[in-house]
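Student: Just passing along the structure, written as structure tokens.
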Number of protein chains: 2
Amino acid sequence: MKKKSKYNIAVVGAKGAVGHEMIRILEERNFPVAEFHPFGSSRTKNQPVRFQGKDYPNRELKFESGVFDGIDIVLSSPGASVSKKFVPYAIESDAIVIDNTSAFRMHPKVPLVIPEVNPQDIRKHAGIIANPNCSAIIMLMAIAPLHRKNPIKRVLCATYQAVSGAGATGMIELYKQSEEFVERVQNNPDYSKDLLSAIRNEIEQVQSDKKPLAKQVFPHQIAFNLFSHNSDIEESGYNGEELKMIAESRKILHDDKIRIATTCIRVPILRAHSEVLYLEFEKRMSPEKAADILKKSPGIEIVDFAEKNYFPMPIKASGSDNVLVGRIREDLSLRNGLALFVAGDQLRKGAALNAVQIAEALIS
Amino acid sequence: MKKKSKYNIAVVGAKGAVGHEMIRILEERNFPVAEFHPFGSSRTKNQPVRFQGKDYPNRELKFESGVFDGIDIVLSSPGASVSKKFVPYAIESDAIVIDNTSAFRMHPKVPLVIPEVNPQDIRKHAGIIANPNCSAIIMLMAIAPLHRKNPIKRVLCATYQAVSGAGATGMIELYKQSEEFVERVQNNPDYSKDLLSAIRNEIEQVQSDKKPLAKQVFPHQIAFNLFSHNSDIEESGYNGEELKMIAESRKILHDDKIRIATTCIRVPILRAHSEVLYLEFEKRMSPEKAADILKKSPGIEIVDFAEKNYFPMPIKASGSDNVLVGRIREDLSLRNGLALFVAGDQLRKGAALNAVQIAEALIS
């Protein structure tokens with residue numbers, strides 16, 4: 001794109017969980033912003049959006065020509081259906097869209113980019129660059145540097161996904177259910193004299209469906225519970241999130257042969273996804289060698305302290321730009337295998353940070 | 001053992017999380033109990049232990065001859081070090097010990113039994129029968145019936161383990177940390193006008209270690225967090241829990257060749273463990289065939305409703321005698337592979353119920 005000293009930036013979905021992070025990250029990284037234009041739905045119209053100490057009224061996104069005239073870069077994180085509708089108008093206005101939704105990710109003409117993994121793909125864009133699925137980004141940050149040195153033939157993954165993957169409302173749902181449960185335990189007659197009995201009684205009430213915790217966002221209780229990711233199950237028996245991880249990983253790695261199976265599970269964590277990974281390499285790779293490669297990889301922090309039993313955790317990954325990698329060890333069931341445990345902030349590296357990094361690459 | 005109409009039963013660790021369940025299950029299943037003798041540490045001495053509507057004073061367990069005279073069966077779930085000390089005296093008194101600790105599990109002369117999997121091993125006992133590790137039981141309940149029909153060559157597992165695996169104090173720690181977090185959010189000045197901001201601020205305080213949540217039981221915060229199981233890491237890079245799952249599975253299946261790797265993670269769930277399982281079979285097995293085999297297996301409940309996105313969950317497994325199995329599908333990365341998601345109550349089938357089932361087999 002044309003070199004300027006500062007750029008006009010729009011953020012679509014500015015009041016959402018990812019939009020909020022995009023704006024924080026533009027500030028933190030001193031992105032050269034000339035004009036700032038937050039957009040949202042009619043529901044969030046005129047709500048104040050704070051950027052660099054100033055409040056901007058959120059603009060309602062209209063699907064029509066001219067809305068993005070004068071905008072250089074659109075950072076976008078609404079729903080996929082919204083992206084499909086507005087992106088043609090943004091392109092018409094010569095704005096470049098970095099889209100965090102799944103709308104265009106698998107389109108053959110749209111680059112799908114993790115700047116640390118496939119930066120070369122950014123150049124091929126025709127107005128849209130797609131930001132990958134959060135769980136895919138966190139997984140690939142850990143495995144792409146290893147794959148480059150010693151091809152990975154097969155990946156098995158189990159995720160531990162935070163509620164904020166479902167947006168800000170997911171975080172509120174987990175909090176409110178936890179609050180309701182705590183208040184019920186506090187009101188239980190056993191609370192002062194036998195806390196354990198009070199907890200047991202209240203969890204029984206919840207599990208028997210006699211007194212379920214209120215829910216609005218997720219199909220199942222999330223506080224003190226976990227469930228298979230609630231995206232639709234396709235004919236293969238895999239859900240949408242799992243299939244995204246598989247298809248997007250192949251596209252980003254430019255490797256159609258890598259075999260991947262994933263199981264995506266939502267857990268009662270506010271922020272940051274974790275993943276168990278089992279990797280099968282073409283040739284043997286020692287845990288020491290893998291740690292050495294990852295240590296030198298940008299965006300990775302090794303957290304692997306066996307003596308202190310200190311490994312990646314969501315509360316440490318939350319707010320961090322790095323994907324934390326630990327439990328690097330042999331797969332005891334396979335000669336050419338390694339096992340890892342990773343955690344990354346899916347709102348930052350898994351979404352907003354990755355998008356801003358793409359914008360930085362665009363203007364550099 | 002000698003056939004009687006009723007048996008004198010001791011429960012060692014009667015005030016613990018597993019002991020509590022053992023007593024409930026003896027009641028529920030109308031185990032023929034003549035005398036009931038609860039035992040515990042000096043700390044819980046004389047605390048009332050309720051059984052069949054009557055309170056019994058908890059007896060302090062002394063490591064000396066005669067304590068178990070007249071007892072037929074000891075259901076034991078203290079720490080492993082306690083079991084090592086008292087079991088010789090129980091055997092001296094001709095009591096049969098069903099021990100839930102890891103003390104004797106891998107001893108070549110001690111049967112390690114899941115009644116649905118290897119009931120024939122019970123007969124070989126010489127005074128002690130070991131109850132397997134909870135995560136191993138839940139995994140083997142799901143895979144043993146398949147393994148019998150079509151040998152499984154390799155198992156990869158990732159666990160989602162509830163805090164009650166660490167006993168009653170683990171449940172209290174998760175509750176108290178949740179309560180503390182809720183109270184902090186409620187006291188945050190943004191609570192009434194911007195709940196999301198209050199949650200974000202308080203989670204930042206916690207993650208930055210500025211204001212960590214109080215902890216006593218686990219080495220890391222467990223509320224709204226998860227961490228690699230806190231058993232010691234051995235030289236292989238695997239922790240004690242993971243190595244137990246591997247070694248015990250081989251012993252129970254009488255299969256030294258089955259290759260297993262596991263990653264054990266503690267999650268903020270009060271009760272019931274979940275597991276992602278990837279299985280490699282000798283020959284291809286369809287998901288339908290696997291579901292069919294499991295449907296006919298005792299102690300298994302298939303929970304696999306793709307249209308409703310309804311699969312095994314800890315709140316549904318809690319209090320259930322069955323291990324719930326769902327997400328039965330092909331492993332997309334392997335022709336002879338299947339993937340499953342399971343959940344089971346680790347205090348019941350993973351511990352107390354399994355022990356009482358062994359006792360039932362002993363007297364039948």
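Residue numbering restarts at 1 in every chain; chains get A, B, ... in the order shown in the structure tokens, and ligands count up from 1 in that same order.
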Neighbours of Lys257 in chain B within 10 Å (only C-alpha atoms; same-chain residues fewer than 5 positions away dropped), as JSON, numbers by chain?
Tutor: {"A": [333], "B": [152, 153, 154, 250]}
Student: Keeping C-alpha atoms, export the residues of the selection given above as a compact mmCIF listing (two decimals), in the first residue's frame.
Tutor:
# COMPACT_ATOMS: atom_id res chain seq x y z
CA SER A 333 4.09 -43.86 22.60
CA ILE B 152 -5.70 -50.93 20.46
CA LYS B 153 -2.04 -50.31 19.66
CA ARG B 154 -1.73 -46.74 20.83
CA ARG B 250 -0.94 -51.86 31.03
Student: What would chain A look like once superposed on chain B, with the fit done by least squares over all C-alpha atoms paired in order? Give it as a compact mmCIF listing (two decimals) with C-alpha atoms, in the first residue's frame.
Tutor:
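As a result, part.txt now contains:
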# COMPACT_ATOMS: atom_id res chain seq x y z
CA MET A 1 -13.59 -64.98 51.55
CA LYS A 2 -15.89 -66.81 53.95
CA LYS A 3 -19.56 -66.42 53.01
CA LYS A 4 -21.62 -64.56 55.62
CA SER A 5 -24.96 -62.80 55.59
CA LYS A 6 -23.38 -59.55 56.74
CA TYR A 7 -19.82 -58.23 56.98
CA ASN A 8 -17.91 -55.98 59.35
CA ILE A 9 -16.64 -53.03 57.33
CA ALA A 10 -13.99 -50.45 58.16
CA VAL A 11 -13.58 -47.25 56.15
CA VAL A 12 -10.14 -45.66 56.49
CA GLY A 13 -10.21 -41.97 55.60
CA ALA A 14 -13.93 -41.76 56.34
CA LYS A 15 -13.96 -37.95 56.44
CA GLY A 16 -12.15 -37.56 53.10
CA ALA A 17 -13.78 -36.90 49.74
CA VAL A 18 -13.51 -40.55 48.63
CA GLY A 19 -14.35 -41.97 52.08
CA HIS A 20 -17.53 -39.88 52.09
CA GLU A 21 -18.53 -41.39 48.74
CA MET A 22 -17.62 -44.92 49.85
CA ILE A 23 -20.08 -44.61 52.74
CA ARG A 24 -22.82 -43.13 50.52
CA ILE A 25 -22.34 -45.98 48.03
CA LEU A 26 -22.42 -48.69 50.73
CA GLU A 27 -25.81 -47.21 51.72
CA GLU A 28 -27.15 -46.79 48.20
CA ARG A 29 -26.25 -50.31 47.14
CA ASN A 30 -27.44 -51.87 50.40
CA PHE A 31 -24.11 -53.53 51.02
CA PRO A 32 -24.68 -56.14 53.75
CA VAL A 33 -22.92 -54.34 56.61
CA ALA A 34 -22.95 -55.87 60.10
CA GLU A 35 -20.63 -53.46 61.93
CA PHE A 36 -19.42 -50.11 60.56
CA HIS A 37 -16.06 -48.72 61.74
CA PRO A 38 -14.91 -45.35 60.41
CA PHE A 39 -11.23 -44.45 60.85
CA GLY A 40 -9.27 -41.27 60.28
CA SER A 41 -6.30 -39.24 61.45
CA SER A 42 -5.93 -37.67 64.90
CA ARG A 43 -7.22 -34.46 63.26
CA THR A 44 -10.66 -35.96 62.51
CA LYS A 45 -10.81 -38.12 65.67
CA ASN A 46 -14.31 -38.34 67.16
CA GLN A 47 -15.89 -36.32 64.35
CA PRO A 48 -19.31 -37.83 63.59
CA VAL A 49 -19.52 -40.07 60.52
CA ARG A 50 -23.09 -40.69 59.38
CA PHE A 51 -24.02 -44.14 58.11
CA GLN A 52 -27.56 -45.39 57.58
CA GLY A 53 -29.02 -42.58 59.66
CA LYS A 54 -26.73 -43.05 62.64
CA ASP A 55 -23.64 -41.06 63.68
CA TYR A 56 -20.48 -43.00 64.47
CA PRO A 57 -17.48 -41.31 66.14
CA ASN A 58 -14.49 -41.39 63.80
CA ARG A 59 -11.73 -43.56 65.31
CA GLU A 60 -8.10 -42.51 65.17
CA LEU A 61 -6.15 -45.02 63.09
CA LYS A 62 -3.28 -46.47 65.15
CA PHE A 63 -0.54 -48.45 63.44
CA GLU A 64 -0.58 -51.50 65.71
CA SER A 65 -1.75 -55.11 65.93
CA GLY A 66 -5.35 -55.85 66.74
CA VAL A 67 -6.93 -52.67 65.39
CA PHE A 68 -8.66 -54.60 62.61
CA ASP A 69 -9.53 -57.74 64.58
CA GLY A 70 -13.03 -58.84 63.59
CA ILE A 71 -13.11 -56.65 60.45
CA ASP A 72 -13.89 -58.46 57.19
CA ILE A 73 -13.23 -55.72 54.63
CA VAL A 74 -11.33 -52.45 54.88
CA LEU A 75 -12.21 -49.79 52.30
CA SER A 76 -9.21 -47.54 52.39
CA SER A 77 -8.56 -44.05 51.01
CA PRO A 78 -6.06 -42.17 53.18
CA GLY A 79 -2.67 -41.02 51.82
CA ALA A 80 -0.37 -43.65 50.23
CA SER A 81 2.07 -43.39 53.18
CA VAL A 82 -0.73 -44.21 55.64
CA SER A 83 -1.81 -47.27 53.63
CA LYS A 84 1.74 -48.59 53.62
CA LYS A 85 1.81 -48.43 57.41
CA PHE A 86 -1.59 -49.83 58.34
CA VAL A 87 -2.14 -52.54 55.72
CA PRO A 88 0.24 -55.10 57.31
CA TYR A 89 -1.80 -54.93 60.55
CA ALA A 90 -5.07 -55.38 58.66
CA ILE A 91 -3.71 -58.45 56.88
CA GLU A 92 -2.45 -59.80 60.23
CA SER A 93 -6.10 -59.61 61.39
CA ASP A 94 -7.32 -61.42 58.25
CA ALA A 95 -9.16 -58.37 56.97
CA ILE A 96 -9.12 -57.85 53.21
CA VAL A 97 -8.05 -54.34 52.22
CA ILE A 98 -9.40 -52.61 49.13
CA ASP A 99 -6.97 -49.74 48.90
CA ASN A 100 -7.59 -46.63 46.83
CA THR A 101 -4.08 -45.23 47.21
CA SER A 102 -1.11 -45.76 44.91
CA ALA A 103 0.82 -47.60 47.68
CA PHE A 104 0.42 -51.16 46.36
CA ARG A 105 -1.01 -50.72 42.87
CA MET A 106 2.08 -51.74 40.95
CA HIS A 107 3.14 -54.50 43.37
CA PRO A 108 3.31 -57.70 41.28
CA LYS A 109 1.36 -59.72 43.88
CA VAL A 110 -1.43 -57.16 44.28
CA PRO A 111 -4.34 -57.30 41.83
CA LEU A 112 -5.30 -53.92 40.36
CA VAL A 113 -8.93 -54.19 39.41
CA ILE A 114 -11.75 -52.54 37.52
CA PRO A 115 -14.59 -55.05 37.94
CA GLU A 116 -15.93 -54.41 34.42
CA VAL A 117 -12.46 -54.90 32.90
CA ASN A 118 -10.45 -57.54 34.80
CA PRO A 119 -12.72 -59.15 37.44
CA GLN A 120 -10.77 -62.41 37.16
CA ASP A 121 -7.79 -60.76 38.90
CA ILE A 122 -9.74 -60.33 42.16
CA ARG A 123 -9.33 -64.04 42.98
CA LYS A 124 -5.54 -63.74 43.01
CA HIS A 125 -5.44 -61.45 46.00
CA ALA A 126 -3.34 -62.11 49.11
CA GLY A 127 -5.13 -59.72 51.42
CA ILE A 128 -4.93 -56.51 49.37
CA ILE A 129 -6.69 -55.47 46.20
CA ALA A 130 -5.72 -52.12 44.76
CA ASN A 131 -8.18 -49.64 43.29
CA PRO A 132 -6.69 -47.92 40.21
CA ASN A 133 -6.01 -44.24 39.65
CA CYS A 134 -9.20 -42.33 38.88
CA SER A 135 -8.12 -41.06 35.45
CA ALA A 136 -6.98 -44.55 34.48
CA ILE A 137 -10.34 -46.07 35.48
CA ILE A 138 -12.32 -43.52 33.45
CA MET A 139 -10.11 -44.04 30.39
CA LEU A 140 -10.13 -47.84 30.63
CA MET A 141 -13.89 -48.10 31.10
CA ALA A 142 -14.19 -46.56 27.62
CA ILE A 143 -11.32 -48.30 25.84
CA ALA A 144 -11.20 -51.82 27.34
CA PRO A 145 -14.44 -53.01 25.63
CA LEU A 146 -13.08 -51.79 22.27
CA HIS A 147 -9.62 -53.27 22.93
CA ARG A 148 -11.20 -56.69 23.50
CA LYS A 149 -12.81 -56.65 20.06
CA ASN A 150 -10.02 -55.02 18.09
CA PRO A 151 -6.66 -54.54 19.82
CA ILE A 152 -5.69 -50.94 20.47
CA LYS A 153 -2.04 -50.32 19.66
CA ARG A 154 -1.73 -46.75 20.82
CA VAL A 155 -3.63 -44.32 23.04
CA LEU A 156 -3.13 -40.58 23.30
CA CYS A 157 -4.96 -38.86 26.13
CA ALA A 158 -5.46 -35.32 27.42
CA THR A 159 -7.29 -34.99 30.73
CA TYR A 160 -9.51 -32.30 32.23
CA GLN A 161 -9.33 -33.19 35.93
CA ALA A 162 -11.61 -31.86 38.63
CA VAL A 163 -10.25 -30.44 41.88
CA SER A 164 -11.91 -33.14 43.98
CA GLY A 165 -9.20 -35.49 42.71
CA ALA A 166 -7.10 -33.68 45.31
CA GLY A 167 -9.71 -34.40 47.98
CA ALA A 168 -12.31 -32.34 49.78
CA THR A 169 -9.83 -29.52 50.41
CA GLY A 170 -9.42 -29.13 46.64
CA MET A 171 -13.15 -28.48 46.29
CA ILE A 172 -13.06 -25.91 49.08
CA GLU A 173 -10.07 -24.17 47.49
CA LEU A 174 -11.82 -23.81 44.13
CA TYR A 175 -14.97 -22.54 45.80
CA LYS A 176 -13.16 -20.04 48.05
CA GLN A 177 -11.09 -18.63 45.22
CA SER A 178 -14.24 -18.24 43.10
CA GLU A 179 -15.96 -16.52 46.02
CA GLU A 180 -13.01 -14.18 46.54
CA PHE A 181 -12.97 -13.28 42.85
CA VAL A 182 -16.74 -12.66 42.77
CA GLU A 183 -16.49 -10.44 45.87
CA ARG A 184 -13.65 -8.45 44.31
CA VAL A 185 -15.65 -7.88 41.14
CA GLN A 186 -18.68 -6.87 43.22
CA ASN A 187 -16.52 -4.34 45.08
CA ASN A 188 -14.99 -2.95 41.90
CA PRO A 189 -16.25 0.63 41.30
CA ASP A 190 -17.32 -0.33 37.74
CA TYR A 191 -19.47 -3.27 38.91
CA SER A 192 -22.90 -1.64 38.45
CA LYS A 193 -22.27 0.46 35.38
CA ASP A 194 -19.79 -1.69 33.39
CA LEU A 195 -19.56 -5.29 34.58
CA LEU A 196 -17.21 -6.32 31.77
CA SER A 197 -14.73 -3.63 32.75
CA ALA A 198 -14.93 -4.74 36.40
CA ILE A 199 -14.24 -8.38 35.39
CA ARG A 200 -11.36 -7.31 33.13
CA ASN A 201 -9.78 -5.15 35.85
CA GLU A 202 -9.99 -7.86 38.48
CA ILE A 203 -8.65 -10.61 36.22
CA GLU A 204 -5.71 -8.33 35.37
CA GLN A 205 -5.00 -7.87 39.08
CA VAL A 206 -4.97 -11.61 39.55
CA GLN A 207 -2.84 -12.43 36.54
CA SER A 208 -0.24 -9.75 37.23
CA ASP A 209 0.36 -11.23 40.70
CA LYS A 210 -0.48 -7.84 42.17
CA LYS A 211 -3.43 -9.27 44.09
CA PRO A 212 -3.32 -13.07 43.73
CA LEU A 213 -6.25 -15.08 45.05
CA ALA A 214 -5.49 -16.82 48.36
CA LYS A 215 -4.32 -20.41 47.96
CA GLN A 216 -3.51 -23.21 50.39
CA VAL A 217 -4.00 -26.51 48.57
CA PHE A 218 -2.76 -26.15 45.00
CA PRO A 219 0.54 -24.55 43.96
CA HIS A 220 -1.28 -22.31 41.46
CA GLN A 221 -4.58 -20.48 41.32
CA ILE A 222 -7.29 -22.87 40.14
CA ALA A 223 -10.37 -20.61 39.87
CA PHE A 224 -10.64 -19.29 36.29
CA ASN A 225 -7.32 -21.00 35.55
CA LEU A 226 -5.92 -24.45 34.76
CA PHE A 227 -2.50 -26.01 35.16
CA SER A 228 -0.46 -29.11 34.46
CA HIS A 229 -1.24 -31.72 37.16
CA ASN A 230 0.84 -30.86 40.21
CA SER A 231 2.30 -34.32 40.84
CA ASP A 232 6.12 -34.44 40.62
CA ILE A 233 7.73 -34.46 37.19
CA GLU A 234 9.90 -37.54 36.71
CA GLU A 235 13.03 -37.80 34.59
CA SER A 236 10.97 -38.75 31.52
CA GLY A 237 9.32 -35.32 31.66
CA TYR A 238 6.03 -36.94 32.65
CA ASN A 239 4.34 -36.25 35.98
CA GLY A 240 3.33 -38.92 38.47
CA GLU A 241 -0.32 -38.86 37.46
CA GLU A 242 0.53 -39.42 33.79
CA LEU A 243 2.92 -42.27 34.58
CA LYS A 244 0.30 -43.90 36.83
CA MET A 245 -2.21 -43.82 33.99
CA ILE A 246 0.25 -45.50 31.65
CA ALA A 247 1.64 -48.18 33.99
CA GLU A 248 -1.72 -49.04 35.57
CA SER A 249 -3.47 -49.30 32.20
CA ARG A 250 -0.93 -51.85 31.04
CA LYS A 251 -1.30 -53.88 34.23
CA ILE A 252 -5.11 -53.85 34.14
CA LEU A 253 -5.28 -54.71 30.43
CA HIS A 254 -2.51 -57.35 30.82
CA ASP A 255 -0.92 -55.75 27.78
CA ASP A 256 2.65 -54.53 28.09
CA LYS A 257 2.80 -53.57 24.45
CA ILE A 258 0.04 -50.99 24.30
CA ARG A 259 1.69 -47.62 23.74
CA ILE A 260 0.23 -44.74 25.74
CA ALA A 261 1.02 -41.07 26.21
CA THR A 262 -1.02 -38.81 28.47
CA THR A 263 -1.11 -35.17 29.48
CA CYS A 264 -2.87 -34.49 32.78
CA ILE A 265 -4.34 -31.05 33.35
CA ARG A 266 -6.21 -29.77 36.40
CA VAL A 267 -9.25 -27.61 35.51
CA PRO A 268 -11.63 -25.48 37.60
CA ILE A 269 -14.34 -28.14 37.87
CA LEU A 270 -15.58 -29.30 41.26
CA ARG A 271 -16.21 -32.89 40.34
CA ALA A 272 -15.86 -35.39 37.49
CA HIS A 273 -12.88 -35.82 35.17
CA SER A 274 -13.11 -35.53 31.39
CA GLU A 275 -10.68 -36.92 28.81
CA VAL A 276 -9.97 -36.52 25.11
CA LEU A 277 -8.86 -39.89 23.72
CA TYR A 278 -7.27 -40.73 20.37
CA LEU A 279 -7.12 -44.48 19.73
CA GLU A 280 -5.16 -46.39 17.09
CA PHE A 281 -6.56 -49.87 16.38
CA GLU A 282 -4.96 -52.85 14.72
CA LYS A 283 -7.77 -52.92 12.18
CA ARG A 284 -10.19 -50.24 11.14
CA MET A 285 -13.18 -49.72 13.45
CA SER A 286 -16.10 -47.51 12.46
CA PRO A 287 -17.56 -45.03 14.95
CA GLU A 288 -20.90 -46.87 14.62
CA LYS A 289 -19.30 -50.18 15.54
CA ALA A 290 -17.51 -48.60 18.51
CA ALA A 291 -20.75 -47.01 19.72
CA ASP A 292 -22.48 -50.34 19.36
CA ILE A 293 -19.85 -52.13 21.47
CA LEU A 294 -19.85 -49.42 24.13
CA LYS A 295 -23.65 -49.34 24.28
CA LYS A 296 -23.61 -52.97 25.42
CA SER A 297 -20.80 -52.44 27.95
CA PRO A 298 -21.74 -52.22 31.64
CA GLY A 299 -20.96 -48.91 33.31
CA ILE A 300 -20.97 -46.94 30.05
CA GLU A 301 -23.57 -44.43 28.90
CA ILE A 302 -23.39 -43.11 25.36
CA VAL A 303 -24.01 -39.34 25.29
CA ASP A 304 -23.52 -38.43 21.66
CA PHE A 305 -26.19 -36.14 20.23
CA ALA A 306 -24.62 -34.15 17.40
CA GLU A 307 -27.82 -32.32 16.37
CA LYS A 308 -28.27 -30.94 19.89
CA ASN A 309 -24.53 -30.46 20.46
CA TYR A 310 -24.98 -32.51 23.60
CA PHE A 311 -22.02 -34.61 24.74
CA PRO A 312 -20.42 -35.73 28.01
CA MET A 313 -20.08 -32.92 30.58
CA PRO A 314 -18.74 -32.97 34.16
CA ILE A 315 -22.00 -31.66 35.65
CA LYS A 316 -23.82 -34.60 34.09
CA ALA A 317 -21.16 -37.17 35.03
CA SER A 318 -21.08 -35.94 38.64
CA GLY A 319 -23.08 -38.28 40.83
CA SER A 320 -23.53 -40.78 37.99
CA ASP A 321 -22.26 -44.35 38.26
CA ASN A 322 -21.63 -44.46 34.52
CA VAL A 323 -18.75 -43.16 32.49
CA LEU A 324 -20.24 -40.97 29.76
CA VAL A 325 -18.84 -41.43 26.24
CA GLY A 326 -19.45 -39.20 23.23
CA ARG A 327 -17.88 -37.45 20.23
CA ILE A 328 -17.24 -40.95 18.86
CA ARG A 329 -15.76 -40.24 15.43
CA GLU A 330 -12.99 -41.14 13.05
CA ASP A 331 -9.56 -39.79 13.80
CA LEU A 332 -9.24 -37.65 10.65
CA SER A 333 -5.47 -38.10 10.77
CA LEU A 334 -5.38 -41.91 10.77
CA ARG A 335 -7.20 -44.65 8.92
CA ASN A 336 -7.42 -47.04 11.88
CA GLY A 337 -8.10 -44.34 14.42
CA LEU A 338 -11.01 -43.16 16.52
CA ALA A 339 -11.46 -40.09 18.71
CA LEU A 340 -13.64 -39.99 21.84
CA PHE A 341 -14.57 -37.61 24.62
CA VAL A 342 -15.41 -39.12 28.01
CA ALA A 343 -16.46 -37.86 31.45
CA GLY A 344 -16.75 -39.79 34.69
CA ASP A 345 -17.22 -39.02 38.35
CA GLN A 346 -13.74 -39.67 39.70
CA LEU A 347 -15.01 -39.89 43.28
CA ARG A 348 -17.53 -42.57 42.32
CA LYS A 349 -16.50 -44.83 39.42
CA GLY A 350 -12.99 -43.37 39.59
CA ALA A 351 -12.65 -44.34 43.26
CA ALA A 352 -15.40 -45.18 45.77
CA LEU A 353 -17.85 -47.04 43.52
CA ASN A 354 -15.08 -49.11 41.98
CA ALA A 355 -13.89 -50.08 45.48
CA VAL A 356 -17.39 -51.08 46.62
CA GLN A 357 -17.88 -53.05 43.39
CA ILE A 358 -14.68 -54.96 44.22
CA ALA A 359 -16.09 -55.66 47.70
CA GLU A 360 -19.33 -56.90 46.13
CA ALA A 361 -17.37 -59.24 43.86
CA LEU A 362 -15.42 -60.50 46.89
CA ILE A 363 -18.55 -61.51 48.80
CA SER A 364 -20.50 -62.85 45.84
Student: Run DSSP on the backbone of this structure and report the residues of range 35-103 of chain A it assigns to strand (DSSP E), as an mmCIF file with C-alpha atoms, in the first residue's frame.
Tutor:
data_model
loop_
_atom_site.group_PDB
_atom_site.id
_atom_site.type_symbol
_atom_site.label_atom_id
_atom_site.label_comp_id
_atom_site.auth_asym_id
_atom_site.auth_seq_id
_atom_site.Cartn_x
_atom_site.Cartn_y
_atom_site.Cartn_z
ATOM 1 C CA GLU A 35 -7.946 9.270 11.872
ATOM 2 C CA PHE A 36 -9.706 6.687 14.054
ATOM 3 C CA HIS A 37 -13.188 5.463 13.059
ATOM 4 C CA PRO A 38 -14.949 2.935 15.284
ATOM 5 C CA PHE A 39 -17.937 1.077 13.813
ATOM 6 C CA GLY A 40 -20.517 -1.235 15.311
ATOM 7 C CA PRO A 48 -18.174 5.994 23.415
ATOM 8 C CA VAL A 49 -15.049 4.198 22.174
ATOM 9 C CA ARG A 50 -11.884 5.368 23.905
ATOM 10 C CA PHE A 51 -8.713 5.707 21.849
ATOM 11 C CA LYS A 54 -10.268 10.539 23.662
ATOM 12 C CA ASP A 55 -13.830 9.215 23.326
ATOM 13 C CA TYR A 56 -15.170 8.624 19.818
ATOM 14 C CA PRO A 57 -18.874 7.919 19.212
ATOM 15 C CA ARG A 59 -20.690 4.700 14.190
ATOM 16 C CA GLU A 60 -23.391 2.365 12.945
ATOM 17 C CA ILE A 73 -7.011 -0.030 6.793
ATOM 18 C CA VAL A 74 -10.083 -1.671 8.284
ATOM 19 C CA LEU A 75 -9.493 -3.933 11.286
ATOM 20 C CA SER A 76 -12.601 -6.045 11.349
ATOM 21 C CA ILE A 96 -7.548 -2.860 2.904
ATOM 22 C CA VAL A 97 -9.525 -5.105 5.235
ATOM 23 C CA ILE A 98 -7.852 -7.298 7.839
ATOM 24 C CA ASP A 99 -10.748 -9.512 8.769
#
Student: Using DSSP on the backbone, list every residue of range 95-309 of chain B that comes out as helix (DSSP H, G or I), and give them as number ranges by chain.
Tutor: B: 119-124, 134-149, 163-166, 168-187, 195-207, 240-253, 287-295
